[in-house]
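A.B. asks: What follows is entry_2.pdb; its format and atoms are PDB, C-alpha atoms.
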```
ATOM      1  CA  MET A   3     -19.438  65.532 272.483  1.00  0.00           C
ATOM      2  CA  SER A   4     -18.251  61.949 272.695  1.00  0.00           C
ATOM      3  CA  GLU A   5     -16.920  59.830 269.830  1.00  0.00           C
ATOM      4  CA  GLU A   6     -20.170  57.931 269.346  1.00  0.00           C
ATOM      5  CA  ASN A   7     -22.223  61.134 269.138  1.00  0.00           C
ATOM      6  CA  LYS A   8     -20.255  62.856 266.339  1.00  0.00           C
ATOM      7  CA  THR A   9     -22.369  64.583 263.727  1.00  0.00           C
ATOM      8  CA  THR A  10     -21.733  64.477 260.010  1.00  0.00           C
ATOM      9  CA  TRP A  11     -22.288  68.201 259.449  1.00  0.00           C
ATOM     10  CA  GLY A  12     -19.664  70.937 259.810  1.00  0.00           C
ATOM     11  CA  GLY A  13     -15.956  70.718 259.241  1.00  0.00           C
ATOM     12  CA  LYS A  14     -14.058  71.393 256.035  1.00  0.00           C
ATOM     13  CA  ARG A  15     -15.764  71.275 252.699  1.00  0.00           C
ATOM     14  CA  GLU A  16     -14.251  69.282 249.868  1.00  0.00           C
ATOM     15  CA  GLY A  17     -12.370  71.572 247.483  1.00  0.00           C
ATOM     16  CA  SER A  18     -12.445  74.543 249.838  1.00  0.00           C
ATOM     17  CA  GLY A  19      -9.466  76.753 250.538  1.00  0.00           C
ATOM     18  CA  ARG A  20      -7.215  79.047 248.568  1.00  0.00           C
ATOM     19  CA  LYS A  21      -6.144  77.663 245.211  1.00  0.00           C
ATOM     20  CA  SER A  22      -2.626  77.885 243.756  1.00  0.00           C
ATOM     21  CA  ILE A  23      -1.933  80.722 241.348  1.00  0.00           C
ATOM     22  CA  GLY A  24      -0.016  79.748 238.261  1.00  0.00           C
ATOM     23  CA  LYS A  25       1.689  76.470 237.650  1.00  0.00           C
ATOM     24  CA  TYR A  26       3.893  76.479 240.769  1.00  0.00           C
ATOM     25  CA  ASN A  27       3.107  76.054 244.435  1.00  0.00           C
ATOM     26  CA  ARG A  28       4.136  79.035 246.536  1.00  0.00           C
ATOM     27  CA  VAL A  29       5.393  79.510 250.069  1.00  0.00           C
ATOM     28  CA  THR A  30       5.463  82.702 252.082  1.00  0.00           C
ATOM     29  CA  ILE A  31       8.770  84.040 253.371  1.00  0.00           C
ATOM     30  CA  GLY A  32       9.584  87.151 255.346  1.00  0.00           C
ATOM     31  CA  LEU A  33      12.743  89.171 255.178  1.00  0.00           C
ATOM     32  CA  SER A  34      14.120  92.510 256.286  1.00  0.00           C
ATOM     33  CA  VAL A  35      15.896  94.819 253.865  1.00  0.00           C
ATOM     34  CA  PRO A  36      17.005  98.433 254.003  1.00  0.00           C
ATOM     35  CA  PRO A  37      14.416 100.956 252.737  1.00  0.00           C
ATOM     36  CA  GLU A  38      16.449 101.725 249.603  1.00  0.00           C
ATOM     37  CA  VAL A  39      16.435  98.027 248.621  1.00  0.00           C
ATOM     38  CA  LYS A  40      12.669  97.883 249.062  1.00  0.00           C
ATOM     39  CA  GLU A  41      12.261 100.955 246.860  1.00  0.00           C
ATOM     40  CA  LYS A  42      14.482  99.445 244.156  1.00  0.00           C
ATOM     41  CA  LEU A  43      12.514  96.184 244.209  1.00  0.00           C
ATOM     42  CA  PHE A  44       9.151  97.937 243.987  1.00  0.00           C
ATOM     43  CA  SER A  45      10.343 100.331 241.258  1.00  0.00           C
ATOM     44  CA  LYS A  46      11.806  97.539 239.128  1.00  0.00           C
ATOM     45  CA  ALA A  47       8.693  95.381 239.538  1.00  0.00           C
ATOM     46  CA  GLU A  48       6.462  98.285 238.497  1.00  0.00           C
ATOM     47  CA  GLU A  49       8.737  99.052 235.534  1.00  0.00           C
ATOM     48  CA  GLU A  50       8.523  95.401 234.415  1.00  0.00           C
ATOM     49  CA  GLY A  51       4.767  95.233 235.054  1.00  0.00           C
ATOM     50  CA  ILE A  52       5.092  92.288 237.446  1.00  0.00           C
ATOM     51  CA  SER A  53       4.740  91.673 241.172  1.00  0.00           C
ATOM     52  CA  VAL A  54       7.693  91.936 243.536  1.00  0.00           C
ATOM     53  CA  SER A  55       7.298  88.199 244.173  1.00  0.00           C
ATOM     54  CA  GLU A  56       7.633  87.448 240.476  1.00  0.00           C
ATOM     55  CA  LEU A  57      10.638  89.783 240.201  1.00  0.00           C
ATOM     56  CA  ILE A  58      12.450  88.037 243.056  1.00  0.00           C
ATOM     57  CA  THR A  59      11.551  84.612 241.651  1.00  0.00           C
ATOM     58  CA  ARG A  60      13.062  85.544 238.285  1.00  0.00           C
ATOM     59  CA  MET A  61      16.192  87.016 239.905  1.00  0.00           C
ATOM     60  CA  VAL A  62      16.823  83.889 241.957  1.00  0.00           C
ATOM     61  CA  LYS A  63      16.239  81.546 239.027  1.00  0.00           C
ATOM     62  CA  GLU A  64      18.923  83.424 237.065  1.00  0.00           C
ATOM     63  CA  MET A  65      21.526  82.801 239.794  1.00  0.00           C
TER      64      MET A  65
END
```
Translate this file's structure into structure tokens.
C.D. replies:
Amino acid sequence: MSEENKTTWGGKREGSGRKSIGKYNRVTIGLSVPPEVKEKLFSKAEEEGISVSELITRMVKEM
């Protein structure tokens, strides 16, 4: 399809895509930890009734 023959249909839709959750933008990170650290993180998050992401966010903000 050449430049002069472009159609107006297709492509991204305005407002489409995953929306932010909460009041902060988020980024995805990956890390490797020993199994016992993973278990501690998951246990503490469950105990607090929050996600592991939220637990880590709170821990880092307290530093």
A.B. asks: Write out as a list of chain:residue names the residues lying within 12 Å of region 33-42 of chain A, counting only C-alpha atoms and excluding same-chain residues fewer than 3 positions away.
C.D. replies: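 What passes the distance filter is A:Thr30, A:Ser45, A:Lys46, A:Ala47, A:Glu48, A:Glu49, A:Val54, A:Leu57, A:Ile58.
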A.B. asks: So how many Å separate CA of Val62 (chain A) and CA of Lys21 (chain A), to one decimal?
C.D. replies: 24.0 Å
A.B. asks: Enter the distance from CA of Ser22 (chain A) to CA of Glu50 (chain A), in Å, rounded to one decimal.
C.D. replies: 22.8 Å
A.B. asks: Interatomic distance between CA of Ser55 (chain A) and CA of Ser18 (chain A)?
C.D. replies: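 Spanning CA of Ser55 (chain A) to CA of Ser18 (chain A) is a straight-line distance of 24.7 Å.
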